[in-house]
file model39.csv (CSV, C-alpha atoms)
chain,number,residue,atom,x,y,z
D,1,MET,CA,-37.1,24.6,-11.4
D,2,LYS,CA,-36.3,24.2,-15.1
D,3,GLU,CA,-32.6,24.8,-14.3
D,4,TRP,CA,-32.7,22.1,-11.6
D,5,SER,CA,-34.4,19.6,-14.0
D,6,SER,CA,-31.8,20.3,-16.6
D,7,PHE,CA,-29.0,19.6,-14.1
D,8,VAL,CA,-30.6,16.3,-13.0
D,9,GLY,CA,-31.0,15.3,-16.6
D,10,PHE,CA,-27.3,16.0,-17.2
D,11,VAL,CA,-26.3,13.9,-14.2
D,12,VAL,CA,-28.5,11.0,-15.4
D,13,LYS,CA,-27.0,11.3,-18.8
D,14,GLU,CA,-23.5,10.9,-17.3
D,15,PHE,CA,-24.6,7.8,-15.5
D,16,TYR,CA,-26.0,6.3,-18.7
D,17,HIS,CA,-22.8,7.1,-20.5
D,18,ILE,CA,-20.7,5.4,-17.9
D,19,PHE,CA,-22.7,2.1,-17.9
D,20,ARG,CA,-23.0,2.0,-21.7
D,21,ASP,CA,-19.3,2.2,-22.1
D,22,ARG,CA,-18.0,-1.2,-21.0
D,23,ARG,CA,-14.4,-0.1,-20.8
D,24,THR,CA,-15.3,2.7,-18.4
D,25,ALA,CA,-17.4,0.3,-16.2
D,26,ALA,CA,-14.6,-2.2,-16.2
D,27,ILE,CA,-12.1,0.4,-15.0
D,28,LEU,CA,-14.5,1.7,-12.3
D,29,PHE,CA,-15.5,-1.7,-10.9
D,30,GLY,CA,-13.1,-4.3,-12.2
D,31,MET,CA,-9.7,-2.6,-11.8
D,32,PRO,CA,-10.0,-1.8,-8.0
D,33,VAL,CA,-11.0,-5.4,-7.1
D,34,ILE,CA,-8.3,-6.9,-9.4
D,35,GLN,CA,-5.6,-4.5,-8.1
D,36,LEU,CA,-6.5,-5.1,-4.5
D,37,LEU,CA,-6.3,-8.9,-4.9
D,38,LEU,CA,-3.2,-8.9,-7.0
D,39,PHE,CA,-1.2,-6.4,-4.8
D,40,GLY,CA,-2.6,-7.8,-1.6
D,41,TYR,CA,-1.3,-11.3,-2.4
D,42,ALA,CA,1.8,-10.3,-4.3
D,43,ILE,CA,3.3,-7.5,-2.2
D,44,ARG,CA,4.6,-9.1,0.9
D,45,ASN,CA,7.7,-8.3,3.0
D,46,GLU,CA,7.6,-11.5,5.1
D,47,ILE,CA,9.3,-14.7,3.9
D,48,GLN,CA,7.1,-17.8,3.6
D,49,GLU,CA,9.9,-20.3,3.0
D,50,VAL,CA,13.6,-20.2,3.6
D,51,LYS,CA,15.8,-22.9,1.9
D,52,ILE,CA,18.5,-23.5,4.6
D,53,GLY,CA,21.7,-25.5,4.7
D,54,ILE,CA,23.0,-26.5,8.1
D,55,ALA,CA,26.7,-27.4,8.7
D,56,ASP,CA,26.9,-29.0,12.2
D,57,LEU,CA,30.5,-29.1,13.1
D,58,SER,CA,29.7,-29.4,16.8
D,59,ARG,CA,27.4,-32.4,16.7
D,60,ASP,CA,26.2,-32.0,20.3
D,61,ALA,CA,22.9,-31.6,22.1
D,62,VAL,CA,22.7,-27.8,21.7
D,63,SER,CA,23.3,-27.7,18.0
D,64,GLN,CA,20.8,-30.5,17.4
D,65,ALA,CA,18.2,-28.8,19.6
D,66,ILE,CA,18.6,-25.5,17.7
D,67,THR,CA,18.5,-27.3,14.4
D,68,ASP,CA,15.2,-29.0,15.4
D,69,LYS,CA,13.7,-25.7,16.5
D,70,LEU,CA,14.7,-24.0,13.2
D,71,LEU,CA,13.2,-26.8,11.1
D,72,SER,CA,10.0,-27.0,13.3
D,73,SER,CA,9.3,-23.3,12.9
D,74,GLY,CA,7.6,-23.9,9.6
D,75,THR,CA,9.7,-21.2,7.8
D,76,PHE,CA,13.0,-23.0,7.3
D,77,VAL,CA,13.3,-26.0,4.9
D,78,LEU,CA,16.5,-28.1,5.1
D,79,VAL,CA,17.8,-28.6,1.6
D,80,LYS,CA,21.5,-29.4,2.2
D,81,ASN,CA,24.1,-30.3,4.8
D,82,PRO,CA,27.2,-28.7,3.4
D,83,GLN,CA,30.5,-29.9,4.5
D,84,SER,CA,32.8,-27.1,3.3
D,85,HIS,CA,32.7,-23.4,2.4
D,86,SER,CA,33.1,-24.2,-1.3
D,87,GLU,CA,30.0,-26.3,-1.2
D,88,ILE,CA,28.2,-23.4,0.5
D,89,GLN,CA,29.3,-21.0,-2.2
D,90,SER,CA,28.2,-23.3,-4.9
D,91,ALA,CA,24.8,-23.7,-3.4
D,92,PHE,CA,24.3,-19.9,-3.1
D,93,ARG,CA,25.6,-19.4,-6.6
D,94,SER,CA,23.0,-21.8,-8.0
D,95,GLY,CA,20.2,-20.5,-5.9
D,96,ALA,CA,19.6,-23.8,-4.3
D,97,MET,CA,20.0,-22.3,-0.8
D,98,SER,CA,19.0,-19.0,0.8
D,99,GLU,CA,20.8,-19.4,4.1
D,100,ALA,CA,23.6,-21.4,5.7
D,101,VAL,CA,23.9,-21.9,9.4
D,102,ILE,CA,27.3,-23.1,10.7
D,103,PHE,CA,27.7,-24.5,14.2
D,104,GLU,CA,31.3,-24.1,15.4
D,105,PRO,CA,32.8,-27.0,17.4
D,106,ALA,CA,32.3,-27.2,21.2
D,107,SER,CA,29.2,-25.0,21.2
D,108,ASP,CA,27.7,-27.1,24.1
D,109,ARG,CA,30.7,-26.5,26.3
D,110,GLU,CA,30.7,-22.8,25.4
D,111,ILE,CA,27.1,-22.2,26.3
D,112,GLN,CA,27.5,-24.0,29.6
D,113,ARG,CA,30.7,-22.2,30.6
D,114,GLU,CA,30.2,-18.7,29.1
D,115,GLY,CA,26.5,-18.5,28.6
D,116,SER,CA,27.0,-17.8,24.9
D,117,MET,CA,27.8,-19.6,21.7
D,118,ASP,CA,29.0,-18.7,18.2
D,119,ILE,CA,26.8,-19.6,15.3
D,120,GLN,CA,27.7,-18.3,11.8
D,121,VAL,CA,24.8,-17.3,9.7
D,122,ILE,CA,25.4,-16.7,6.0
D,123,THR,CA,22.7,-15.3,3.7
D,124,ASP,CA,22.5,-14.3,0.1
D,125,GLY,CA,23.3,-10.5,0.0
D,126,SER,CA,22.2,-10.0,-3.6
D,127,ASP,CA,18.8,-9.0,-2.1
D,128,PRO,CA,19.7,-7.1,1.0
D,129,ASN,CA,16.1,-6.7,2.3
D,130,VAL,CA,15.4,-10.5,2.1
D,131,SER,CA,18.8,-11.2,3.6
D,132,ARG,CA,18.0,-9.0,6.6
D,133,ILE,CA,14.6,-10.6,7.1
D,134,ILE,CA,16.0,-14.1,7.0
D,135,THR,CA,18.8,-13.2,9.4
D,136,GLY,CA,16.2,-11.7,11.8
D,137,TYR,CA,14.1,-14.9,11.6
D,138,THR,CA,17.1,-17.0,12.4
D,139,ALA,CA,18.2,-14.8,15.3
D,140,SER,CA,14.6,-14.8,16.7
D,141,VAL,CA,14.4,-18.7,16.7
D,142,ILE,CA,17.8,-18.9,18.4
D,143,ARG,CA,16.8,-16.3,21.0
D,144,ASP,CA,13.7,-18.3,21.7
D,145,TYR,CA,15.8,-21.5,22.3
D,146,LEU,CA,18.2,-19.7,24.6
D,147,SER,CA,15.3,-18.2,26.5
D,148,GLU,CA,13.6,-21.6,26.9
D,149,SER,CA,16.9,-23.3,28.0
D,150,ALA,CA,17.7,-20.6,30.6
D,151,THR,CA,16.2,-22.6,33.4
D,152,THR,CA,18.4,-25.6,32.7
D,153,VAL,CA,21.6,-23.9,31.6
D,154,ASP,CA,23.6,-21.9,34.1
D,155,GLU,CA,23.9,-18.7,32.1
D,156,PRO,CA,24.2,-15.2,33.5
D,157,LYS,CA,21.0,-13.4,34.3
D,158,GLY,CA,20.5,-9.8,33.2
D,159,VAL,CA,18.0,-7.4,31.7
D,160,VAL,CA,16.3,-9.1,28.8
D,161,PRO,CA,14.3,-6.9,26.4
D,162,VAL,CA,10.9,-8.4,25.4
D,163,PRO,CA,9.8,-6.9,22.0
D,164,LEU,CA,6.2,-6.2,21.4
D,165,MET,CA,4.9,-4.9,18.0
D,166,MET,CA,1.9,-2.8,18.7
D,167,PHE,CA,-1.0,-2.8,16.3
D,168,ASN,CA,0.6,-5.6,14.2
D,169,PRO,CA,2.1,-8.2,16.5
D,170,GLY,CA,2.2,-10.8,13.7
D,171,LEU,CA,4.2,-8.3,11.5
D,172,LYS,CA,1.7,-9.1,8.6
D,173,SER,CA,2.7,-7.0,5.6
D,174,VAL,CA,-0.9,-7.0,4.3
D,175,TYR,CA,-1.7,-4.7,7.2
D,176,LEU,CA,0.8,-2.2,5.7
D,177,PHE,CA,-0.1,-2.5,2.0
D,178,VAL,CA,-3.9,-2.8,2.0
D,179,PRO,CA,-4.5,0.8,3.3
D,180,GLY,CA,-1.9,2.0,0.8
D,181,LEU,CA,-3.7,0.2,-1.9
D,182,MET,CA,-6.9,2.0,-1.0
D,183,ALA,CA,-5.2,5.3,-1.6
D,184,LEU,CA,-3.6,4.2,-4.8
D,185,ILE,CA,-6.8,2.7,-6.3
D,186,LEU,CA,-9.0,5.6,-5.4
D,187,MET,CA,-6.5,8.1,-6.7
D,188,LEU,CA,-6.0,6.4,-10.0
D,189,VAL,CA,-9.6,5.4,-10.7
D,190,SER,CA,-11.2,8.7,-9.6
D,191,ALA,CA,-8.6,11.0,-11.1
D,192,LEU,CA,-8.2,9.0,-14.3
D,193,MET,CA,-11.9,8.8,-15.1
D,194,THR,CA,-12.6,12.4,-14.4
D,195,SER,CA,-9.5,13.6,-16.3
D,196,ILE,CA,-10.9,12.4,-19.5
D,197,SER,CA,-14.5,13.5,-18.9
D,198,ILE,CA,-14.3,17.0,-20.3
D,199,THR,CA,-11.6,16.2,-22.9
D,200,ARG,CA,-14.0,13.5,-24.2
D,201,GLU,CA,-16.6,16.1,-24.8
D,202,LYS,CA,-14.1,18.2,-26.7
D,203,GLU,CA,-13.0,15.3,-29.0
D,204,SER,CA,-16.6,14.1,-29.6
D,205,GLY,CA,-17.8,17.6,-30.5
D,206,THR,CA,-20.5,17.7,-27.8
D,207,MET,CA,-18.8,20.6,-25.9
D,208,GLU,CA,-20.7,23.0,-28.2
D,209,VAL,CA,-23.9,21.5,-26.9
D,210,LEU,CA,-22.8,22.2,-23.3
D,211,LEU,CA,-21.9,25.8,-24.3
D,212,VAL,CA,-25.3,26.6,-25.6
D,213,SER,CA,-27.2,24.9,-22.7
D,214,SER,CA,-28.7,26.6,-19.7
D,215,LEU,CA,-26.2,24.9,-17.4
D,216,LYS,CA,-23.7,27.1,-15.6
D,217,PRO,CA,-19.9,26.0,-15.5
D,218,ILE,CA,-20.3,24.9,-11.8
D,219,GLN,CA,-23.3,22.7,-12.7
D,220,ILE,CA,-21.4,21.1,-15.6
D,221,ILE,CA,-18.4,20.3,-13.4
D,222,VAL,CA,-20.6,19.0,-10.6
D,223,GLY,CA,-22.7,17.0,-13.1
D,224,LYS,CA,-19.5,15.4,-14.4
D,225,VAL,CA,-18.2,14.6,-10.9
D,226,VAL,CA,-21.4,13.3,-9.1
D,227,PRO,CA,-21.5,9.9,-10.9
D,228,TYR,CA,-17.9,9.1,-10.3
D,229,PHE,CA,-18.2,10.3,-6.7
D,230,LEU,CA,-21.0,7.8,-6.0
D,231,LEU,CA,-19.3,5.0,-7.9
D,232,SER,CA,-16.0,5.6,-6.1
D,233,PHE,CA,-17.8,5.4,-2.8
D,234,ILE,CA,-19.1,2.0,-3.8
D,235,ASN,CA,-15.5,1.1,-4.5
D,236,VAL,CA,-14.5,2.1,-1.0
D,237,ILE,CA,-17.1,-0.2,0.5
D,238,SER,CA,-16.0,-3.1,-1.7
D,239,ILE,CA,-12.4,-2.6,-0.9
D,240,LEU,CA,-13.1,-2.6,2.8
D,241,VAL,CA,-15.2,-5.7,2.6
D,242,ILE,CA,-12.4,-7.5,0.6
D,243,ALA,CA,-9.7,-6.3,3.0
D,244,SER,CA,-11.7,-7.6,6.0
D,245,LEU,CA,-13.0,-10.9,4.6
D,246,VAL,CA,-10.1,-11.9,2.3
D,247,PHE,CA,-7.0,-10.5,4.0
D,248,GLY,CA,-8.3,-10.1,7.6
D,249,VAL,CA,-7.3,-6.5,7.9
D,250,PRO,CA,-9.0,-5.0,11.0
D,251,CYS,CA,-10.7,-1.7,11.4
D,252,ARG,CA,-10.1,-0.8,15.0
D,253,GLY,CA,-11.4,2.8,14.7
D,254,SER,CA,-14.7,4.3,13.7
D,255,VAL,CA,-16.1,3.0,10.4
D,256,LEU,CA,-18.1,6.1,9.9
D,257,LEU,CA,-15.0,8.3,10.3
D,258,LEU,CA,-13.2,6.1,7.8
D,259,MET,CA,-16.1,6.5,5.3
D,260,ALA,CA,-16.2,10.3,5.8
D,261,GLU,CA,-12.4,10.6,5.3
D,262,SER,CA,-12.6,8.4,2.2
D,263,LEU,CA,-15.3,10.6,0.8
D,264,LEU,CA,-13.1,13.6,1.3
D,265,PHE,CA,-10.2,11.9,-0.4
D,266,ILE,CA,-12.5,10.9,-3.3
D,267,MET,CA,-13.4,14.6,-3.6
D,268,THR,CA,-9.7,15.5,-3.7
D,269,ALA,CA,-8.9,12.9,-6.3
D,270,LEU,CA,-11.9,13.9,-8.5
D,271,SER,CA,-11.0,17.6,-8.2
D,272,LEU,CA,-7.4,16.7,-9.3
D,273,GLY,CA,-8.8,14.7,-12.3
D,274,MET,CA,-11.1,17.6,-13.2
D,275,PHE,CA,-8.2,20.0,-13.0
D,276,ILE,CA,-6.2,17.9,-15.4
D,277,SER,CA,-9.1,17.7,-17.8
D,278,THR,CA,-9.4,21.5,-17.9
D,279,ILE,CA,-5.8,22.0,-18.9
D,280,THR,CA,-5.6,19.3,-21.6
D,281,SER,CA,-7.1,19.1,-25.0
D,282,SER,CA,-7.2,15.4,-25.7
D,283,GLN,CA,-8.1,12.2,-23.8
D,284,GLN,CA,-4.7,10.7,-24.6
D,285,VAL,CA,-2.8,13.6,-23.0
D,286,ALA,CA,-5.1,13.6,-20.0
D,287,MET,CA,-4.7,9.9,-19.5
D,288,MET,CA,-0.9,10.1,-19.8
D,289,ILE,CA,-0.8,12.9,-17.2
D,290,SER,CA,-3.0,11.0,-14.9
D,291,LEU,CA,-1.1,7.8,-15.1
D,292,GLY,CA,2.4,9.2,-15.3
D,293,GLY,CA,1.9,12.2,-13.0
D,294,LEU,CA,-0.1,10.4,-10.3
D,295,LEU,CA,0.9,6.7,-10.3
D,296,LEU,CA,4.7,7.0,-9.5
D,297,PRO,CA,4.3,9.9,-7.0
D,298,THR,CA,1.5,8.0,-5.2
D,299,ILE,CA,3.6,4.9,-5.0
D,300,LEU,CA,7.0,6.4,-4.2
D,301,LEU,CA,6.3,9.6,-2.3
D,302,SER,CA,3.2,8.8,-0.3
D,303,GLY,CA,4.7,6.4,2.2
D,304,PHE,CA,2.9,3.5,0.5
D,305,ILE,CA,6.1,1.4,0.3
D,306,PHE,CA,9.0,3.6,1.5
D,307,PRO,CA,8.7,5.7,4.7
D,308,VAL,CA,8.7,9.4,4.0
D,309,ALA,CA,11.0,10.1,7.0
D,310,SER,CA,13.8,8.2,5.4
D,311,MET,CA,13.7,10.2,2.2
D,312,PRO,CA,16.0,13.2,1.4
D,313,LEU,CA,14.6,16.5,2.6
D,314,PRO,CA,13.6,17.8,-0.9
D,315,LEU,CA,11.5,14.7,-1.5
D,316,GLN,CA,9.9,15.0,1.9
D,317,VAL,CA,8.9,18.6,1.0
D,318,ILE,CA,7.5,17.4,-2.4
D,319,SER,CA,5.6,14.6,-0.7
D,320,ASN,CA,3.5,17.2,1.1
D,321,VAL,CA,1.6,18.0,-2.1
D,322,ILE,CA,0.7,14.3,-2.7
D,323,PRO,CA,-2.9,13.9,-1.5
D,324,ALA,CA,-2.4,10.1,-1.0
D,325,LYS,CA,0.2,10.8,1.7
D,326,TRP,CA,-2.3,12.4,4.0
D,327,TYR,CA,-5.0,9.9,3.2
D,328,LEU,CA,-2.6,7.1,3.9
D,329,ILE,CA,-1.8,8.5,7.3
D,330,ILE,CA,-5.5,8.8,8.0
D,331,VAL,CA,-6.4,5.2,6.9
D,332,ARG,CA,-3.6,3.5,8.7
D,333,ALA,CA,-4.4,5.5,11.9
D,334,ILE,CA,-8.1,4.6,11.8
D,335,MET,CA,-7.8,1.0,10.7
D,336,LEU,CA,-4.8,-0.2,12.6
D,337,LYS,CA,-4.5,2.2,15.6
D,338,GLY,CA,-8.1,3.1,16.2
D,339,ALA,CA,-7.4,6.8,16.1
D,340,GLY,CA,-10.2,9.4,16.1
D,341,PHE,CA,-10.8,12.8,14.5
D,342,ALA,CA,-9.0,14.6,17.4
D,343,VAL,CA,-5.8,13.0,16.2
D,344,LEU,CA,-6.4,13.3,12.5
D,345,TRP,CA,-7.8,16.8,12.1
D,346,GLN,CA,-4.6,18.3,10.7
D,347,GLU,CA,-4.4,15.7,7.9
D,348,THR,CA,-8.1,16.2,7.2
D,349,LEU,CA,-7.7,19.9,7.0
D,350,VAL,CA,-4.8,19.5,4.5
D,351,LEU,CA,-7.0,17.3,2.2
D,352,ALA,CA,-9.9,19.8,2.5
D,353,VAL,CA,-7.7,22.7,1.5
D,354,MET,CA,-6.3,20.8,-1.4
D,355,THR,CA,-9.8,20.0,-2.6
D,356,VAL,CA,-11.0,23.6,-2.4
D,357,VAL,CA,-7.9,24.9,-4.3
D,358,LEU,CA,-8.3,22.3,-7.0
D,359,ILE,CA,-12.0,22.9,-7.4
D,360,GLY,CA,-11.4,26.7,-7.7
D,361,ALA,CA,-8.6,26.2,-10.2
D,362,SER,CA,-10.8,23.8,-12.3
D,363,LEU,CA,-13.7,26.3,-12.3
D,364,ARG,CA,-11.5,29.1,-13.4
D,365,ASN,CA,-9.9,27.1,-16.2
D,366,PHE,CA,-13.2,25.8,-17.4
D,367,SER,CA,-14.8,29.3,-17.4
D,368,GLU,CA,-11.9,30.6,-19.4
D,369,ARG,CA,-12.4,27.9,-22.0
D,370,LEU,CA,-16.1,28.7,-22.3
D,371,GLU,CA,-15.4,32.4,-23.0

call {"tool": "encode", "arguments": {"input": "model39.csv", "output": "C-alpha cells"}}
result
Amino acid sequence: MKEWSSFVGFVVKEFYHIFRDRRTAAILFGMPVIQLLLFGYAIRNEIQEVKIGIADLSRDAVSQAITDKLLSSGTFVLVKNPQSHSEIQSAFRSGAMSEAVIFEPASDREIQREGSMDIQVITDGSDPNVSRIITGYTASVIRDYLSESATTVDEPKGVVPVPLMMFNPGLKSVYLFVPGLMALILMLVSALMTSISITREKESGTMEVLLVSSLKPIQIIVGKVVPYFLLSFINVISILVIASLVFGVPCRGSVLLLMAESLLFIMTALSLGMFISTITSSQQVAMMISLGGLLLPTILLSGFIFPVASMPLPLQVISNVIPAKWYLIIVRAIMLKGAGFAVLWQETLVLAVMTVVLIGASLRNFSERLE
C-alpha cells in the first residue's frame, strides 16, 4: 500500500511539473493546434486560382463556348489575350500568367467533321507538379464541354470512361494531409516531451532522489509516461474535433477503434521518447535526436506526403521501422474508407510489437544506469 501511494504521489508530481512549466504546457497543448491549423491550410495540392491567357485564333462558336466554360469554372482567371508566341513567353517569364490556351484556326469545322479538335495548352514547367495539375484541370473542363455537346455535334460514339474518385470525390487535399498531421503531431509531441523527461532529472540533480526512493525502475518509467499519455490523448480528441469542424474531414469508420489505435500509437511514441531519454545524458542531445531523428523520417518516409510505393526499395525497407507509417495507414483507412479491425490487424500488431520492444529496451537501459 505504501509503495502504491508513493507511485501515485510520483505521478501527481509529474503532472504538477508539467503545468508549472509554461513552455512544456505550450508545447503539449499549443503546438498541436497551431501545427494542425497551419499545415491544414497551407499544405494543399489543389490549385485555387489559375492565371490564364487565351489566344483565340479560330474565333468561332466552339472556341468561344470552351472559353466561357473555362472562365465560368471559378478556377481560371483571364489575365491576357496574347497575340503571339513571344508575348506568351514574356508573360510566363514575368509570372503574369500560369497557363496559355491556344485555339488553332478552323476548330469548329474540325469538330463537326472529325469529332476532334486541336487545342494547344502551355503551362509553366518550372513547377512540374503544379503544371500537371493545371493541365488536368483544363483537360477536364474541355472534356465536360465535349460531353455536353455530344448531343448536338455529330461525333463518333464509343466507349467513354467515367472516372470516380472513391472516398474523396472532390479530391480535397486536406483529406490526405490531416490524418498525416495527426501522426506527425503525436509523434513529435509525445516523443519529444518524454525524451527530455529523464535527462531533465539528470541535469537538475534529482536523479539521486529517485535512486534512493522506494520506487522500482518500471514504476519510475510508468510514472513519467502516464501524464504525457493522458495529455496526448486529449490532443487526439482536440485534433479530431478541429479536423471535423474546421476542415470537414469525415470519420467514416468506428470512432472507438480510431481512439484505441491512437492510444496504441501514443504508447509507441512515448516508448520511443523514453528510449531516447535513456541513451542520452542531456536535454539538448535528447531534443536534437527527437527532432532530427524523428521529424524528417516521419515526413519523408511515412507516406505523409510521398507514397512509399514510389520510393526506391532500400527506402521502402527503412520505412517499415517508422511507426508513423503504420499509424498513417490505420488512420486513413478508418477515417476515409471506414475500415474495421479485421482489415487493420496487421498494422496494429506491428505497432504493438514496436511498443513492447521499445519498452523492454528502455527498462533495460534505465536499470543499467541505476546500477

call {"tool": "atom_distance", "arguments": {"input": "model39.csv", "atom1": "atom CA of Ile242 of chain D", "atom2": "atom CA of Val308 of chain D"}}
result
27.2 Å

call {"tool": "atom_distance", "arguments": {"input": "model39.csv", "atom1": "atom CA of Asp144 of chain D", "atom2": "atom CA of Asp56 of chain D"}}
result
19.5 Å

call {"tool": "residues_around", "arguments": {"input": "model39.csv", "residues": "Ser281 of chain D", "least_positions_apart": "3", "cutoff": "9 Å", "atoms": "all atoms listed in the file", "output": "list in words"}}
result
Ile198, Thr199, Arg200, Lys202, Glu203, Ser277, Thr278, Gln284, Val285 and Ala286 of chain D

call {"tool": "closest_residue", "arguments": {"input": "model39.csv", "among": "D:Val331, D:Ala324, D:Leu146, D:Ile266", "to": "Pro227 of chain D", "atoms": "all atoms listed in the file"}}
result
D:Ile266

call {"tool": "atom_distance", "arguments": {"input": "model39.csv", "atom1": "atom CA of Tyr175 of chain D", "atom2": "atom CA of Leu37 of chain D"}}
result
13.6 Å

call {"tool": "closest_residue", "arguments": {"input": "model39.csv", "among": "D:Lys337, D:Lys216, D:Arg132, D:Lys224", "to": "Gly253 of chain D", "atoms": "only C-alpha atoms"}}
result
D:Lys337

call {"tool": "residues_around", "arguments": {"input": "model39.csv", "residues": "Gln89 of chain D", "least_positions_apart": "3", "cutoff": "12 Å", "atoms": "only C-alpha atoms", "output": "PDB file with C-alpha atoms, keeping the file's coordinate frame"}}
result
ATOM      1  CA  GLY D  53      21.700 -25.500   4.700  1.00  0.00           C
ATOM      2  CA  PRO D  82      27.200 -28.700   3.400  1.00  0.00           C
ATOM      3  CA  GLN D  83      30.500 -29.900   4.500  1.00  0.00           C
ATOM      4  CA  SER D  84      32.800 -27.100   3.300  1.00  0.00           C
ATOM      5  CA  HIS D  85      32.700 -23.400   2.400  1.00  0.00           C
ATOM      6  CA  SER D  86      33.100 -24.200  -1.300  1.00  0.00           C
ATOM      7  CA  PHE D  92      24.300 -19.900  -3.100  1.00  0.00           C
ATOM      8  CA  ARG D  93      25.600 -19.400  -6.600  1.00  0.00           C
ATOM      9  CA  SER D  94      23.000 -21.800  -8.000  1.00  0.00           C
ATOM     10  CA  GLY D  95      20.200 -20.500  -5.900  1.00  0.00           C
ATOM     11  CA  ALA D  96      19.600 -23.800  -4.300  1.00  0.00           C
ATOM     12  CA  MET D  97      20.000 -22.300  -0.800  1.00  0.00           C
ATOM     13  CA  SER D  98      19.000 -19.000   0.800  1.00  0.00           C
ATOM     14  CA  GLU D  99      20.800 -19.400   4.100  1.00  0.00           C
ATOM     15  CA  ALA D 100      23.600 -21.400   5.700  1.00  0.00           C
ATOM     16  CA  ILE D 122      25.400 -16.700   6.000  1.00  0.00           C
ATOM     17  CA  THR D 123      22.700 -15.300   3.700  1.00  0.00           C
ATOM     18  CA  ASP D 124      22.500 -14.300   0.100  1.00  0.00           C
TER      19      ASP D 124
END

call {"tool": "closest_residue", "arguments": {"input": "model39.csv", "among": "D:Leu231, D:Ile102, D:Val356, D:Ile185", "to": "Leu36 of chain D", "atoms": "only C-alpha atoms"}}
result
D:Ile185

call {"tool": "closest_residue", "arguments": {"input": "model39.csv", "among": "D:Ile276, D:Leu70, D:Ile330, D:Ile239", "to": "Glu261 of chain D", "atoms": "only C-alpha atoms"}}
result
D:Ile330

call {"tool": "residues_around", "arguments": {"input": "model39.csv", "residues": "Ile142 of chain D", "least_positions_apart": "3", "cutoff": "12 Å", "atoms": "all atoms listed in the file", "output": "number ranges by chain"}}
result
D: 62-63, 65-71, 73, 101, 116-121, 135-139, 145-149

call {"tool": "write_last_selection", "arguments": {"input": "model39.csv", "atoms": "C-alpha atoms", "output": "tab-separated table (two decimals), keeping the file's coordinate frame"}}
result
chain	number	residue	atom	x	y	z
D	62	VAL	CA	22.70	-27.80	21.70
D	63	SER	CA	23.30	-27.70	18.00
D	65	ALA	CA	18.20	-28.80	19.60
D	66	ILE	CA	18.60	-25.50	17.70
D	67	THR	CA	18.50	-27.30	14.40
D	68	ASP	CA	15.20	-29.00	15.40
D	69	LYS	CA	13.70	-25.70	16.50
D	70	LEU	CA	14.70	-24.00	13.20
D	71	LEU	CA	13.20	-26.80	11.10
D	73	SER	CA	9.30	-23.30	12.90
D	101	VAL	CA	23.90	-21.90	9.40
D	116	SER	CA	27.00	-17.80	24.90
D	117	MET	CA	27.80	-19.60	21.70
D	118	ASP	CA	29.00	-18.70	18.20
D	119	ILE	CA	26.80	-19.60	15.30
D	120	GLN	CA	27.70	-18.30	11.80
D	121	VAL	CA	24.80	-17.30	9.70
D	135	THR	CA	18.80	-13.20	9.40
D	136	GLY	CA	16.20	-11.70	11.80
D	137	TYR	CA	14.10	-14.90	11.60
D	138	THR	CA	17.10	-17.00	12.40
D	139	ALA	CA	18.20	-14.80	15.30
D	145	TYR	CA	15.80	-21.50	22.30
D	146	LEU	CA	18.20	-19.70	24.60
D	147	SER	CA	15.30	-18.20	26.50
D	148	GLU	CA	13.60	-21.60	26.90
D	149	SER	CA	16.90	-23.30	28.00

call {"tool": "closest_residue", "arguments": {"input": "model39.csv", "among": "D:Met267, D:Ala191, D:Leu344, D:Ile329", "to": "Gly293 of chain D", "atoms": "all atoms listed in the file"}}
result
D:Ala191

call {"tool": "closest_residue", "arguments": {"input": "model39.csv", "among": "D:Ala342, D:Leu270, D:Ile279, D:Leu192", "to": "Thr355 of chain D", "atoms": "only C-alpha atoms"}}
result
D:Leu270
